[in-house]
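What follows is the content of target-v1.pdb (PDB, C-alpha atoms and all ligand atoms).
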```pdb
ATOM      1  CA  MET A   1      -0.228 -60.719  -6.361
ATOM      2  CA  ILE A   2      -2.238 -57.519  -6.225
ATOM      3  CA  GLU A   3      -6.011 -57.292  -6.065
ATOM      4  CA  VAL A   4      -8.781 -54.765  -5.763
ATOM      5  CA  ALA A   5     -12.406 -54.938  -4.665
ATOM      6  CA  PHE A   6     -14.947 -52.141  -4.934
ATOM      7  CA  LEU A   7     -16.957 -51.863  -1.709
ATOM      8  CA  GLY A   8     -19.328 -49.374  -3.283
ATOM      9  CA  SER A   9     -19.306 -47.184  -6.371
ATOM     10  CA  GLY A  10     -21.567 -44.317  -7.442
ATOM     11  CA  SER A  11     -22.640 -40.862  -6.368
ATOM     12  CA  THR A  12     -23.980 -42.270  -3.066
ATOM     13  CA  GLY A  13     -20.524 -43.336  -1.972
ATOM     14  CA  ASN A  14     -17.214 -44.620  -3.268
ATOM     15  CA  CYS A  15     -14.786 -46.907  -1.489
ATOM     16  CA  ALA A  16     -12.401 -49.582  -2.730
ATOM     17  CA  VAL A  17      -9.750 -51.735  -1.114
ATOM     18  CA  VAL A  18      -6.437 -52.619  -2.750
ATOM     19  CA  ARG A  19      -4.338 -55.418  -1.312
ATOM     20  CA  ALA A  20      -0.852 -56.687  -2.134
ATOM     21  CA  GLY A  21       1.079 -59.098   0.043
ATOM     22  CA  ARG A  22       0.180 -58.289   3.637
ATOM     23  CA  THR A  23      -0.623 -54.681   2.903
ATOM     24  CA  ALA A  24      -4.043 -53.206   2.184
ATOM     25  CA  VAL A  25      -5.176 -49.623   1.672
ATOM     26  CA  LEU A  26      -8.586 -48.025   1.236
ATOM     27  CA  LEU A  27      -9.203 -45.862  -1.801
ATOM     28  CA  ASP A  28     -11.714 -43.163  -0.800
ATOM     29  CA  ALA A  29     -14.185 -43.416   2.086
ATOM     30  CA  GLY A  30     -17.572 -42.301   0.804
ATOM     31  CA  LEU A  31     -19.577 -45.023   2.592
ATOM     32  CA  SER A  32     -20.431 -44.930   6.293
ATOM     33  CA  PRO A  33     -17.799 -46.440   8.618
ATOM     34  CA  ARG A  34     -20.278 -49.195   9.459
ATOM     35  CA  GLN A  35     -20.813 -50.036   5.774
ATOM     36  CA  ILE A  36     -17.086 -49.997   5.104
ATOM     37  CA  ALA A  37     -16.507 -52.426   7.985
ATOM     38  CA  ALA A  38     -19.433 -54.660   6.966
ATOM     39  CA  ARG A  39     -18.423 -54.818   3.311
ATOM     40  CA  LEU A  40     -14.778 -55.467   4.195
ATOM     41  CA  GLY A  41     -16.134 -58.315   6.324
ATOM     42  CA  LYS A  42     -17.863 -59.827   3.280
ATOM     43  CA  LEU A  43     -14.447 -59.855   1.597
ATOM     44  CA  GLY A  44     -12.846 -61.592   4.562
ATOM     45  CA  MET A  45     -11.165 -58.454   5.867
ATOM     46  CA  SER A  46     -11.550 -55.971   8.685
ATOM     47  CA  LEU A  47     -10.482 -52.357   9.171
ATOM     48  CA  ASP A  48      -7.604 -53.690  11.280
ATOM     49  CA  ASP A  49      -6.088 -55.081   8.070
ATOM     50  CA  VAL A  50      -6.030 -51.643   6.431
ATOM     51  CA  SER A  51      -2.945 -49.487   6.800
ATOM     52  CA  ALA A  52      -3.949 -46.240   5.085
ATOM     53  CA  LEU A  53      -6.710 -44.266   3.424
ATOM     54  CA  LEU A  54      -6.040 -42.603   0.066
ATOM     55  CA  LEU A  55      -8.364 -39.828  -1.056
ATOM     56  CA  THR A  56      -8.900 -38.854  -4.693
ATOM     57  CA  HIS A  57     -10.662 -35.545  -4.005
ATOM     58  CA  GLU A  58     -12.849 -33.777  -1.475
ATOM     59  CA  HIS A  59     -16.374 -34.433  -2.844
ATOM     60  CA  SER A  60     -18.497 -35.989  -0.112
ATOM     61  CA  ASP A  61     -19.174 -39.227  -1.999
ATOM     62  CA  HIS A  62     -15.420 -39.873  -1.560
ATOM     63  CA  VAL A  63     -14.573 -38.467   1.871
ATOM     64  CA  ALA A  64     -17.709 -38.761   4.061
ATOM     65  CA  SER A  65     -16.050 -41.138   6.549
ATOM     66  CA  ALA A  66     -12.455 -39.981   6.216
ATOM     67  CA  GLY A  67     -12.549 -37.960   9.434
ATOM     68  CA  VAL A  68     -13.916 -40.836  11.509
ATOM     69  CA  LEU A  69     -11.429 -43.321  10.047
ATOM     70  CA  ALA A  70      -8.616 -40.869  10.769
ATOM     71  CA  THR A  71      -9.592 -40.141  14.370
ATOM     72  CA  LYS A  72     -11.331 -43.284  15.663
ATOM     73  CA  ARG A  73      -9.249 -45.798  13.697
ATOM     74  CA  GLY A  74      -6.047 -43.788  13.508
ATOM     75  CA  LEU A  75      -5.696 -44.405   9.779
ATOM     76  CA  PRO A  76      -3.171 -42.133   8.065
ATOM     77  CA  VAL A  77      -4.924 -40.172   5.332
ATOM     78  CA  TYR A  78      -3.160 -39.469   2.034
ATOM     79  CA  GLY A  79      -4.327 -36.882  -0.457
ATOM     80  CA  THR A  80      -3.144 -33.755  -2.200
ATOM     81  CA  ARG A  81      -2.818 -30.616  -0.089
ATOM     82  CA  GLY A  82      -5.922 -29.230  -1.771
ATOM     83  CA  THR A  83      -7.950 -32.334  -1.009
ATOM     84  CA  LEU A  84      -6.792 -32.604   2.611
ATOM     85  CA  ALA A  85      -7.605 -28.937   3.172
ATOM     86  CA  LYS A  86     -11.129 -29.205   1.752
ATOM     87  CA  ALA A  87     -12.169 -32.658   2.978
ATOM     88  CA  ARG A  88     -13.371 -31.382   6.365
ATOM     89  CA  LEU A  89     -10.842 -33.510   8.202
ATOM     90  CA  PRO A  90      -9.753 -32.882  11.773
ATOM     91  CA  GLY A  91      -6.542 -30.830  12.055
ATOM     92  CA  PRO A  92      -3.074 -32.370  12.019
ATOM     93  CA  LEU A  93      -3.071 -32.637  15.831
ATOM     94  CA  PHE A  94      -5.974 -35.070  15.656
ATOM     95  CA  ALA A  95      -5.381 -36.859  12.379
ATOM     96  CA  ASP A  96      -2.336 -38.217  10.615
ATOM     97  CA  LEU A  97      -2.539 -36.270   7.356
ATOM     98  CA  ARG A  98       0.029 -37.070   4.679
ATOM     99  CA  PRO A  99       0.067 -34.755   1.677
ATOM    100  CA  VAL A 100       1.047 -36.160  -1.707
ATOM    101  CA  ALA A 101       1.645 -34.404  -5.026
ATOM    102  CA  CYS A 102       1.119 -35.433  -8.619
ATOM    103  CA  GLY A 103       4.001 -37.578  -9.792
ATOM    104  CA  ASP A 104       4.734 -38.866  -6.272
ATOM    105  CA  GLU A 105       5.274 -42.512  -5.564
ATOM    106  CA  VAL A 106       4.292 -43.713  -2.105
ATOM    107  CA  VAL A 107       5.504 -47.073  -0.820
ATOM    108  CA  PHE A 108       3.510 -49.116   1.711
ATOM    109  CA  GLY A 109       4.401 -52.253   3.647
ATOM    110  CA  ASN A 110       8.132 -52.314   2.876
ATOM    111  CA  GLY A 111       7.508 -52.366  -0.842
ATOM    112  CA  ASP A 112       4.483 -54.682  -0.892
ATOM    113  CA  LEU A 113       2.473 -51.918  -2.524
ATOM    114  CA  THR A 114       3.620 -48.838  -4.441
ATOM    115  CA  VAL A 115       1.163 -46.094  -5.321
ATOM    116  CA  ARG A 116       1.629 -43.501  -8.042
ATOM    117  CA  VAL A 117      -0.291 -40.214  -7.965
ATOM    118  CA  THR A 118      -1.658 -38.579 -11.141
ATOM    119  CA  GLY A 119      -3.794 -35.463 -11.498
ATOM    120  CA  THR A 120      -7.289 -35.782 -12.961
ATOM    121  CA  PRO A 121      -9.454 -33.253 -14.849
ATOM    122  CA  HIS A 122     -12.361 -32.798 -12.416
ATOM    123  CA  ASP A 123     -14.031 -29.901 -10.637
ATOM    124  CA  GLY A 124     -12.457 -30.584  -7.259
ATOM    125  CA  VAL A 125      -9.664 -28.438  -5.811
ATOM    126  CA  GLU A 126      -6.769 -30.775  -6.559
ATOM    127  CA  PRO A 127      -8.141 -34.170  -7.667
ATOM    128  CA  VAL A 128      -5.996 -37.213  -8.444
ATOM    129  CA  CYS A 129      -6.183 -40.882  -9.310
ATOM    130  CA  TYR A 130      -3.892 -43.660  -8.156
ATOM    131  CA  ALA A 131      -2.110 -46.529  -9.879
ATOM    132  CA  PHE A 132      -1.082 -49.375  -7.581
ATOM    133  CA  ALA A 133       1.720 -51.885  -8.147
ATOM    134  CA  ASP A 134       2.866 -54.928  -6.210
ATOM    135  CA  ALA A 135       6.510 -55.867  -5.654
ATOM    136  CA  ALA A 136       6.574 -57.737  -8.996
ATOM    137  CA  GLY A 137       5.270 -54.702 -10.893
ATOM    138  CA  ARG A 138       1.752 -56.006 -11.522
ATOM    139  CA  ARG A 139      -0.601 -53.060 -11.650
ATOM    140  CA  VAL A 140      -4.111 -52.020 -10.698
ATOM    141  CA  GLY A 141      -5.339 -48.631 -11.918
ATOM    142  CA  VAL A 142      -8.505 -46.882 -10.768
ATOM    143  CA  VAL A 143      -9.891 -43.603 -12.045
ATOM    144  CA  THR A 144     -13.280 -41.964 -11.494
ATOM    145  CA  ASP A 145     -14.513 -38.401 -11.418
ATOM    146  CA  LEU A 146     -12.927 -36.992 -14.546
ATOM    147  CA  GLY A 147     -14.384 -35.004 -17.404
ATOM    148  CA  HIS A 148     -12.134 -36.536 -20.014
ATOM    149  CA  LEU A 149      -9.258 -38.967 -20.281
ATOM    150  CA  SER A 150      -6.249 -36.658 -20.231
ATOM    151  CA  LYS A 151      -2.886 -37.710 -21.643
ATOM    152  CA  LYS A 152      -1.506 -37.950 -18.119
ATOM    153  CA  VAL A 153      -4.272 -40.261 -16.945
ATOM    154  CA  LEU A 154      -3.963 -42.425 -20.064
ATOM    155  CA  GLY A 155      -0.202 -42.646 -19.546
ATOM    156  CA  ALA A 156      -0.557 -43.523 -15.868
ATOM    157  CA  LEU A 157      -3.123 -46.287 -16.329
ATOM    158  CA  ALA A 158      -2.302 -47.786 -19.749
ATOM    159  CA  GLY A 159      -1.598 -51.496 -19.617
ATOM    160  CA  CYS A 160      -2.737 -52.116 -16.037
ATOM    161  CA  GLU A 161      -3.674 -55.747 -15.302
ATOM    162  CA  VAL A 162      -6.865 -54.549 -13.647
ATOM    163  CA  LEU A 163      -8.504 -51.288 -14.676
ATOM    164  CA  GLY A 164     -11.304 -49.576 -12.765
ATOM    165  CA  LEU A 165     -12.715 -46.886 -15.029
ATOM    166  CA  GLU A 166     -15.520 -44.378 -14.568
ATOM    167  CA  ALA A 167     -18.510 -44.934 -16.862
ATOM    168  CA  ASN A 168     -20.812 -42.360 -15.320
ATOM    169  CA  HIS A 169     -23.576 -41.711 -17.802
ATOM    170  CA  ASP A 170     -25.043 -42.332 -21.198
ATOM    171  CA  VAL A 171     -24.836 -38.969 -22.951
ATOM    172  CA  ASP A 172     -28.299 -39.247 -24.575
ATOM    173  CA  VAL A 173     -30.011 -40.375 -21.375
ATOM    174  CA  LEU A 174     -28.383 -37.478 -19.505
ATOM    175  CA  ARG A 175     -29.261 -34.898 -22.195
ATOM    176  CA  GLU A 176     -32.902 -35.994 -22.329
ATOM    177  CA  GLY A 177     -33.234 -36.613 -18.597
ATOM    178  CA  ALA A 178     -34.664 -34.572 -15.737
ATOM    179  CA  TYR A 179     -31.440 -33.032 -14.388
ATOM    180  CA  PRO A 180     -31.392 -29.203 -14.367
ATOM    181  CA  ALA A 181     -29.452 -27.605 -17.221
ATOM    182  CA  PHE A 182     -26.580 -26.394 -15.023
ATOM    183  CA  LEU A 183     -26.016 -29.882 -13.666
ATOM    184  CA  LYS A 184     -26.092 -31.460 -17.138
ATOM    185  CA  LYS A 185     -23.553 -28.897 -18.240
ATOM    186  CA  ARG A 186     -21.330 -29.614 -15.238
ATOM    187  CA  ILE A 187     -21.400 -33.380 -15.761
ATOM    188  CA  LEU A 188     -20.767 -33.089 -19.513
ATOM    189  CA  SER A 189     -17.943 -30.569 -19.114
ATOM    190  CA  ASP A 190     -14.246 -31.281 -19.491
ATOM    191  CA  VAL A 191     -13.922 -31.431 -15.699
ATOM    192  CA  GLY A 192     -17.159 -33.324 -14.990
ATOM    193  CA  HIS A 193     -17.708 -37.059 -15.325
ATOM    194  CA  LEU A 194     -16.718 -39.651 -17.928
ATOM    195  CA  SER A 195     -19.496 -41.017 -20.173
ATOM    196  CA  ASN A 196     -19.875 -44.618 -21.281
ATOM    197  CA  ALA A 197     -18.805 -43.582 -24.780
ATOM    198  CA  ALA A 198     -15.723 -41.705 -23.580
ATOM    199  CA  ALA A 199     -14.707 -44.621 -21.363
ATOM    200  CA  ALA A 200     -15.228 -47.030 -24.258
ATOM    201  CA  ALA A 201     -13.165 -44.841 -26.602
ATOM    202  CA  GLY A 202     -10.372 -44.691 -24.020
ATOM    203  CA  LEU A 203     -10.057 -48.472 -23.842
ATOM    204  CA  GLY A 204      -8.101 -48.441 -27.107
ATOM    205  CA  ARG A 205      -5.330 -46.623 -25.246
ATOM    206  CA  LEU A 206      -5.793 -48.207 -21.840
ATOM    207  CA  LEU A 207      -5.963 -51.928 -22.569
ATOM    208  CA  GLY A 208      -2.619 -53.688 -22.845
ATOM    209  CA  GLU A 209      -1.292 -57.203 -23.348
ATOM    210  CA  ARG A 210      -1.504 -57.800 -19.623
ATOM    211  CA  THR A 211      -4.951 -56.357 -18.981
ATOM    212  CA  ARG A 212      -7.219 -59.006 -17.468
ATOM    213  CA  ALA A 213     -10.217 -57.117 -16.188
ATOM    214  CA  VAL A 214     -12.094 -53.864 -16.671
ATOM    215  CA  VAL A 215     -14.563 -52.643 -14.055
ATOM    216  CA  GLY A 216     -17.061 -49.882 -14.872
ATOM    217  CA  LEU A 217     -17.336 -47.443 -11.955
ATOM    218  CA  HIS A 218     -19.344 -44.511 -10.589
ATOM    219  CA  LEU A 219     -22.462 -45.242 -12.699
ATOM    220  CA  SER A 220     -25.183 -42.619 -12.368
ATOM    221  CA  LYS A 221     -28.491 -43.953 -11.066
ATOM    222  CA  SER A 222     -30.489 -41.430 -13.109
ATOM    223  CA  ASN A 223     -28.461 -41.260 -16.298
ATOM    224  CA  ASN A 224     -27.120 -44.760 -16.814
ATOM    225  CA  THR A 225     -27.789 -48.456 -16.323
ATOM    226  CA  PRO A 226     -25.343 -51.319 -15.834
ATOM    227  CA  ALA A 227     -26.626 -52.761 -19.129
ATOM    228  CA  LEU A 228     -25.779 -49.568 -21.055
ATOM    229  CA  THR A 229     -22.261 -49.528 -19.610
ATOM    230  CA  GLN A 230     -21.797 -53.260 -20.271
ATOM    231  CA  ARG A 231     -22.848 -52.735 -23.868
ATOM    232  CA  ALA A 232     -20.635 -49.680 -24.515
ATOM    233  CA  LEU A 233     -17.510 -51.103 -22.907
ATOM    234  CA  GLY A 234     -18.216 -54.653 -24.129
ATOM    235  CA  GLU A 235     -18.457 -53.532 -27.752
ATOM    236  CA  ALA A 236     -15.179 -51.626 -27.450
ATOM    237  CA  ILE A 237     -13.421 -54.632 -25.922
ATOM    238  CA  GLU A 238     -14.764 -56.839 -28.700
ATOM    239  CA  ARG A 239     -13.684 -54.403 -31.421
ATOM    240  CA  LEU A 240     -10.197 -54.375 -29.916
ATOM    241  CA  GLY A 241     -10.139 -58.181 -29.859
ATOM    242  CA  ALA A 242      -9.069 -58.091 -26.204
ATOM    243  CA  LYS A 243      -9.566 -61.045 -23.860
ATOM    244  CA  VAL A 244     -10.675 -59.080 -20.861
ATOM    245  CA  ALA A 245     -13.319 -59.747 -18.215
ATOM    246  CA  LEU A 246     -15.828 -56.908 -17.897
ATOM    247  CA  GLU A 247     -17.858 -56.070 -14.816
ATOM    248  CA  VAL A 248     -19.734 -53.123 -13.412
ATOM    249  CA  ALA A 249     -19.515 -52.109  -9.745
ATOM    250  CA  GLY A 250     -22.641 -50.875  -7.983
ATOM    251  CA  PRO A 251     -23.481 -48.712  -4.979
ATOM    252  CA  ASP A 252     -25.119 -51.238  -2.663
ATOM    253  CA  ALA A 253     -22.839 -54.255  -2.410
ATOM    254  CA  PRO A 254     -19.151 -55.009  -2.797
ATOM    255  CA  THR A 255     -17.753 -56.648  -5.907
ATOM    256  CA  GLY A 256     -15.524 -59.674  -5.542
ATOM    257  CA  TRP A 257     -11.741 -59.394  -5.825
ATOM    258  CA  PHE A 258     -10.158 -58.545  -9.168
ATOM    259  CA  ARG A 259      -6.708 -60.070  -9.181
ATOM    260  CA  ALA A 260      -3.547 -59.352 -11.169
ATOM    261  CA  ARG A 261      -1.372 -62.406 -11.446
ATOM    262  CA  SER A 262       1.823 -63.155 -13.300
ATOM    263  CA  ALA A 263       1.260 -64.754 -16.708
ATOM    264  CA  GLY A 264       0.439 -68.413 -16.292
ATOM    265  CA  GLY A 265       0.983 -68.241 -12.535
ATOM    266  CA  ASN A 266      -1.401 -68.942  -9.726
ATOM    267  CA  GLY A 267      -0.016 -66.334  -7.345
TER     268      GLY A 267
HETATM  269 ZN    ZN B 301     -17.697 -38.964  -7.164
HETATM  270 ZN    ZN B 302     -16.230 -35.697  -7.716
END
```
Let me see the file written as structure tokens.
Amino acid sequence: MIEVAFLGSGSTGNCAVVRAGRTAVLLDAGLSPRQIAARLGKLGMSLDDVSALLLTHEHSDHVASAGVLATKRGLPVYGTRGTLAKARLPGPLFADLRPVACGDEVVFGNGDLTVRVTGTPHDGVEPVCYAFADAAGRRVGVVTDLGHLSKKVLGALAGCEVLGLEANHDVDVLREGAYPAFLKKRILSDVGHLSNAAAAAGLGRLLGERTRAVVGLHLSKSNNTPALTQRALGEAIERLGAKVALEVAGPDAPTGWFRARSAGGNG
């Protein structure tokens, strides 16, 4: 069994926990260490249960607490060389930094959890997303902070049992909203953030026979609402005739666990 919970999602801070067997890893650390610990507690976990931190890219809503978790908790920190260099982490003498590259597969907990690294189109130095698999090959894929769904990302995440997908903004709300022109342009660019419509369009490629749940992530407070994301992704799921649970993760409280189980099993 493999499962994921989103401790917080949005431009104020991103952090998720992925667990398979006895092994758990954090995906990004954009919440305060105290919030990460408290929200893990609500899920019945503590930081002691976590064996590594994986970073997607160096933007502060993803790495704010990475340094503290690396030094005070001794968590090994995985990320691309570009991300590790720009994430304002303590040097290698003080933190256990473990560079990964696109295409790498990293194995945790004697094979409990395997993580695959894929590059993402975003305006960080060397951003990536991760696809997680348990020993039986059940998969959880999570991707945020990308301007469009590239072929590589689609290939890496297609058919996951649980899919966490950025649905950052409604294009019309963003265009008509109060953001300055340069920021609108950045968000709408090919290396910015994924809109509700782009996420919805991508579901045709991403949903597979085994997909059980889709979670909308990294919603903008100013340029989106959970209802807009629910509607955009919900309509796409309905059009595709998929039997998939749909939820939206928020910034202020953790979601529950999203679980990938074998067909018909209880595991
Ligand atoms: Zn972000
Ligand atoms: Zn970013």
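Among A:Val191, A:Ala16, A:Cys160, A:Val77, the residue with the shortest atom-to-atom distance to ligand ZN 302 (chain B), counting all atoms listed in the file, is A:Val191.
Neighbours of A:His169 closer than or equal to 6 Å, with only C-alpha atoms counted and sequence neighbours fewer than 2 positions away skipped, come out as Val171, Ser195, Asn196, Ser220, Asn223 and Asn224 of chain A.
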Dump as a PDB file, in the frame of the given file, selection limited to C-alpha atoms:
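Wrote part07.pdb, looks like this:
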```pdb
ATOM      1  CA  VAL A 171     -24.836 -38.969 -22.951  1.00  0.00           C
ATOM      2  CA  SER A 195     -19.496 -41.017 -20.173  1.00  0.00           C
ATOM      3  CA  ASN A 196     -19.875 -44.618 -21.281  1.00  0.00           C
ATOM      4  CA  SER A 220     -25.183 -42.619 -12.368  1.00  0.00           C
ATOM      5  CA  ASN A 223     -28.461 -41.260 -16.298  1.00  0.00           C
ATOM      6  CA  ASN A 224     -27.120 -44.760 -16.814  1.00  0.00           C
TER       7      ASN A 224
END
```
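You can rank A:Ile36, A:Leu84, A:Ala242, A:Leu149 by their closest distance to A:Gly192 using only C-alpha atoms, and at the top of that list sits A:Leu149.
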How close does each residue of chain A get to ligand ZN 302 (chain B), giving the shortest atom pair and distance in Å to one decimal for every residue with an atom at most 9 Å away, counting only C-alpha atoms and all ligand atoms, sorted by chain and residue number, as JSON lines?
```
{"residue": "A:Ser11", "atom": "CA", "partner": "B:ZN302", "partner_atom": "ZN", "distance": 8.3}
{"residue": "A:Thr56", "atom": "CA", "partner": "B:ZN302", "partner_atom": "ZN", "distance": 8.5}
{"residue": "A:His57", "atom": "CA", "partner": "B:ZN302", "partner_atom": "ZN", "distance": 6.7}
{"residue": "A:Glu58", "atom": "CA", "partner": "B:ZN302", "partner_atom": "ZN", "distance": 7.4}
{"residue": "A:His59", "atom": "CA", "partner": "B:ZN302", "partner_atom": "ZN", "distance": 5.0}
{"residue": "A:Ser60", "atom": "CA", "partner": "B:ZN302", "partner_atom": "ZN", "distance": 7.9}
{"residue": "A:Asp61", "atom": "CA", "partner": "B:ZN302", "partner_atom": "ZN", "distance": 7.3}
{"residue": "A:His62", "atom": "CA", "partner": "B:ZN302", "partner_atom": "ZN", "distance": 7.5}
{"residue": "A:His122", "atom": "CA", "partner": "B:ZN302", "partner_atom": "ZN", "distance": 6.7}
{"residue": "A:Asp123", "atom": "CA", "partner": "B:ZN302", "partner_atom": "ZN", "distance": 6.9}
{"residue": "A:Gly124", "atom": "CA", "partner": "B:ZN302", "partner_atom": "ZN", "distance": 6.4}
{"residue": "A:Pro127", "atom": "CA", "partner": "B:ZN302", "partner_atom": "ZN", "distance": 8.2}
{"residue": "A:Thr144", "atom": "CA", "partner": "B:ZN302", "partner_atom": "ZN", "distance": 7.9}
{"residue": "A:Asp145", "atom": "CA", "partner": "B:ZN302", "partner_atom": "ZN", "distance": 4.9}
{"residue": "A:Leu146", "atom": "CA", "partner": "B:ZN302", "partner_atom": "ZN", "distance": 7.7}
{"residue": "A:Gly192", "atom": "CA", "partner": "B:ZN302", "partner_atom": "ZN", "distance": 7.7}
{"residue": "A:His193", "atom": "CA", "partner": "B:ZN302", "partner_atom": "ZN", "distance": 7.9}
```
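When you apply the PyMOL selection byres (((chain A and resi 43) around 12) and not hetatm) to this structure, what comes back is Glu3, Val4, Ala5, Phe6, Leu7, Ala16, Val17, Val18, Arg19, Ile36, Ala37, Ala38, Arg39, Leu40, Gly41, Lys42, Gly44, Met45, Ser46, Leu47, Asp49, Ala253, Pro254, Thr255, Gly256, Trp257 and Phe258 of chain A.
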### Message
For a quick check of understanding, using only C-alpha atoms, which of A:Val244, A:Arg34, A:Arg231, A:Leu157 has the smallest distance to A:Val115?
### Response
A:Leu157
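Note that atom CA of A:Arg212 and atom CA of A:Arg239 are 16.1 Å apart.
Taking atom CA of A:Ala20 and atom CA of A:Leu246 as the two end points, the separation is 21.7 Å.
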### Task
Given the file shown, enumerate the residues that the PyMOL selection byres (((chain A and resi 107) around 12) and not hetatm) captures and present them as a ChimeraX atom specification.
/A:20,23-25,51-52,78,100,104-106,108-117,131-135
### Message
Could you list, as number ranges by chain, every residue within 7 Å of A:Cys15, counting only C-alpha atoms and ignoring same-chain residues fewer than 6 positions away?
### Response
A: 6-9, 26-31
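Taking atom CA of A:Gly141 and atom CA of A:Ala198 as the two end points, the separation is 17.1 Å.
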Using the chain letters and numbers from this file, what does the PyMOL selection byres (((chain A and resi 210) around 12) and not hetatm) select? Give the answer as a JSON list (two decimals) with C-alpha atoms, keeping the file's coordinate frame.
```json
[["chain", "number", "residue", "atom", "x", "y", "z"],
["A", 137, "GLY", "CA", 5.27, -54.70, -10.89],
["A", 138, "ARG", "CA", 1.75, -56.01, -11.52],
["A", 139, "ARG", "CA", -0.60, -53.06, -11.65],
["A", 140, "VAL", "CA", -4.11, -52.02, -10.70],
["A", 158, "ALA", "CA", -2.30, -47.79, -19.75],
["A", 159, "GLY", "CA", -1.60, -51.50, -19.62],
["A", 160, "CYS", "CA", -2.74, -52.12, -16.04],
["A", 161, "GLU", "CA", -3.67, -55.75, -15.30],
["A", 162, "VAL", "CA", -6.86, -54.55, -13.65],
["A", 163, "LEU", "CA", -8.50, -51.29, -14.68],
["A", 206, "LEU", "CA", -5.79, -48.21, -21.84],
["A", 207, "LEU", "CA", -5.96, -51.93, -22.57],
["A", 208, "GLY", "CA", -2.62, -53.69, -22.84],
["A", 209, "GLU", "CA", -1.29, -57.20, -23.35],
["A", 211, "THR", "CA", -4.95, -56.36, -18.98],
["A", 212, "ARG", "CA", -7.22, -59.01, -17.47],
["A", 213, "ALA", "CA", -10.22, -57.12, -16.19],
["A", 214, "VAL", "CA", -12.09, -53.86, -16.67],
["A", 242, "ALA", "CA", -9.07, -58.09, -26.20],
["A", 243, "LYS", "CA", -9.57, -61.04, -23.86],
["A", 244, "VAL", "CA", -10.68, -59.08, -20.86],
["A", 259, "ARG", "CA", -6.71, -60.07, -9.18],
["A", 260, "ALA", "CA", -3.55, -59.35, -11.17],
["A", 261, "ARG", "CA", -1.37, -62.41, -11.45],
["A", 262, "SER", "CA", 1.82, -63.16, -13.30],
["A", 263, "ALA", "CA", 1.26, -64.75, -16.71],
["A", 264, "GLY", "CA", 0.44, -68.41, -16.29]]
```
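When only C-alpha atoms and all ligand atoms are used to measure the gap to ligand ZN 301 (chain B), the shortest distance among A:Val125, A:Leu217, A:Ala249, A:Ala70 belongs to A:Leu217.
Across A:Ala136, A:Met1, A:Ala156, A:Ala64, the tightest approach to ligand ZN 301 (chain B) is made by A:Ala64 when counting all atoms listed in the file.
Closest to A:Arg88 among A:Gly67, A:Gly155, A:Gly103, A:Gly147 is A:Gly67, based on all atoms listed in the file.
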Would you mind putting back N, CA and C atoms on stretch 149-161 of chain A, then writing it out as a PDB file, in the coordinates of the input?
```
ATOM      1  N   LEU A 149     -10.469 -38.189 -20.526  1.00  0.00           N
ATOM      2  CA  LEU A 149      -9.258 -38.967 -20.281  1.00  0.00           C
ATOM      3  C   LEU A 149      -8.069 -38.156 -20.782  1.00  0.00           C
ATOM      4  N   SER A 150      -7.397 -37.487 -19.861  1.00  0.00           N
ATOM      5  CA  SER A 150      -6.249 -36.658 -20.231  1.00  0.00           C
ATOM      6  C   SER A 150      -5.077 -37.559 -20.603  1.00  0.00           C
ATOM      7  N   LYS A 151      -4.094 -36.956 -21.281  1.00  0.00           N
ATOM      8  CA  LYS A 151      -2.886 -37.710 -21.643  1.00  0.00           C
ATOM      9  C   LYS A 151      -2.216 -38.284 -20.412  1.00  0.00           C
ATOM     10  N   LYS A 152      -2.180 -37.495 -19.342  1.00  0.00           N
ATOM     11  CA  LYS A 152      -1.506 -37.950 -18.119  1.00  0.00           C
ATOM     12  C   LYS A 152      -2.198 -39.167 -17.533  1.00  0.00           C
ATOM     13  N   VAL A 153      -3.532 -39.119 -17.501  1.00  0.00           N
ATOM     14  CA  VAL A 153      -4.272 -40.261 -16.945  1.00  0.00           C
ATOM     15  C   VAL A 153      -4.074 -41.486 -17.832  1.00  0.00           C
ATOM     16  N   LEU A 154      -4.167 -41.297 -19.147  1.00  0.00           N
ATOM     17  CA  LEU A 154      -3.963 -42.425 -20.064  1.00  0.00           C
ATOM     18  C   LEU A 154      -2.573 -43.023 -19.859  1.00  0.00           C
ATOM     19  N   GLY A 155      -1.575 -42.162 -19.734  1.00  0.00           N
ATOM     20  CA  GLY A 155      -0.202 -42.646 -19.546  1.00  0.00           C
ATOM     21  C   GLY A 155      -0.051 -43.400 -18.237  1.00  0.00           C
ATOM     22  N   ALA A 156      -0.723 -42.916 -17.195  1.00  0.00           N
ATOM     23  CA  ALA A 156      -0.557 -43.523 -15.868  1.00  0.00           C
ATOM     24  C   ALA A 156      -1.236 -44.885 -15.772  1.00  0.00           C
ATOM     25  N   LEU A 157      -2.329 -45.069 -16.516  1.00  0.00           N
ATOM     26  CA  LEU A 157      -3.123 -46.287 -16.329  1.00  0.00           C
ATOM     27  C   LEU A 157      -3.021 -47.278 -17.490  1.00  0.00           C
ATOM     28  N   ALA A 158      -2.378 -46.892 -18.585  1.00  0.00           N
ATOM     29  CA  ALA A 158      -2.302 -47.786 -19.749  1.00  0.00           C
ATOM     30  C   ALA A 158      -1.620 -49.090 -19.372  1.00  0.00           C
ATOM     31  N   GLY A 159      -2.225 -50.186 -19.781  1.00  0.00           N
ATOM     32  CA  GLY A 159      -1.598 -51.496 -19.617  1.00  0.00           C
ATOM     33  C   GLY A 159      -1.732 -52.122 -18.247  1.00  0.00           C
ATOM     34  N   CYS A 160      -2.530 -51.503 -17.359  1.00  0.00           N
ATOM     35  CA  CYS A 160      -2.737 -52.116 -16.037  1.00  0.00           C
ATOM     36  C   CYS A 160      -3.378 -53.501 -16.195  1.00  0.00           C
ATOM     37  N   GLU A 161      -3.043 -54.428 -15.299  1.00  0.00           N
ATOM     38  CA  GLU A 161      -3.674 -55.747 -15.302  1.00  0.00           C
ATOM     39  C   GLU A 161      -5.164 -55.644 -14.973  1.00  0.00           C
TER      40      GLU A 161
END
```
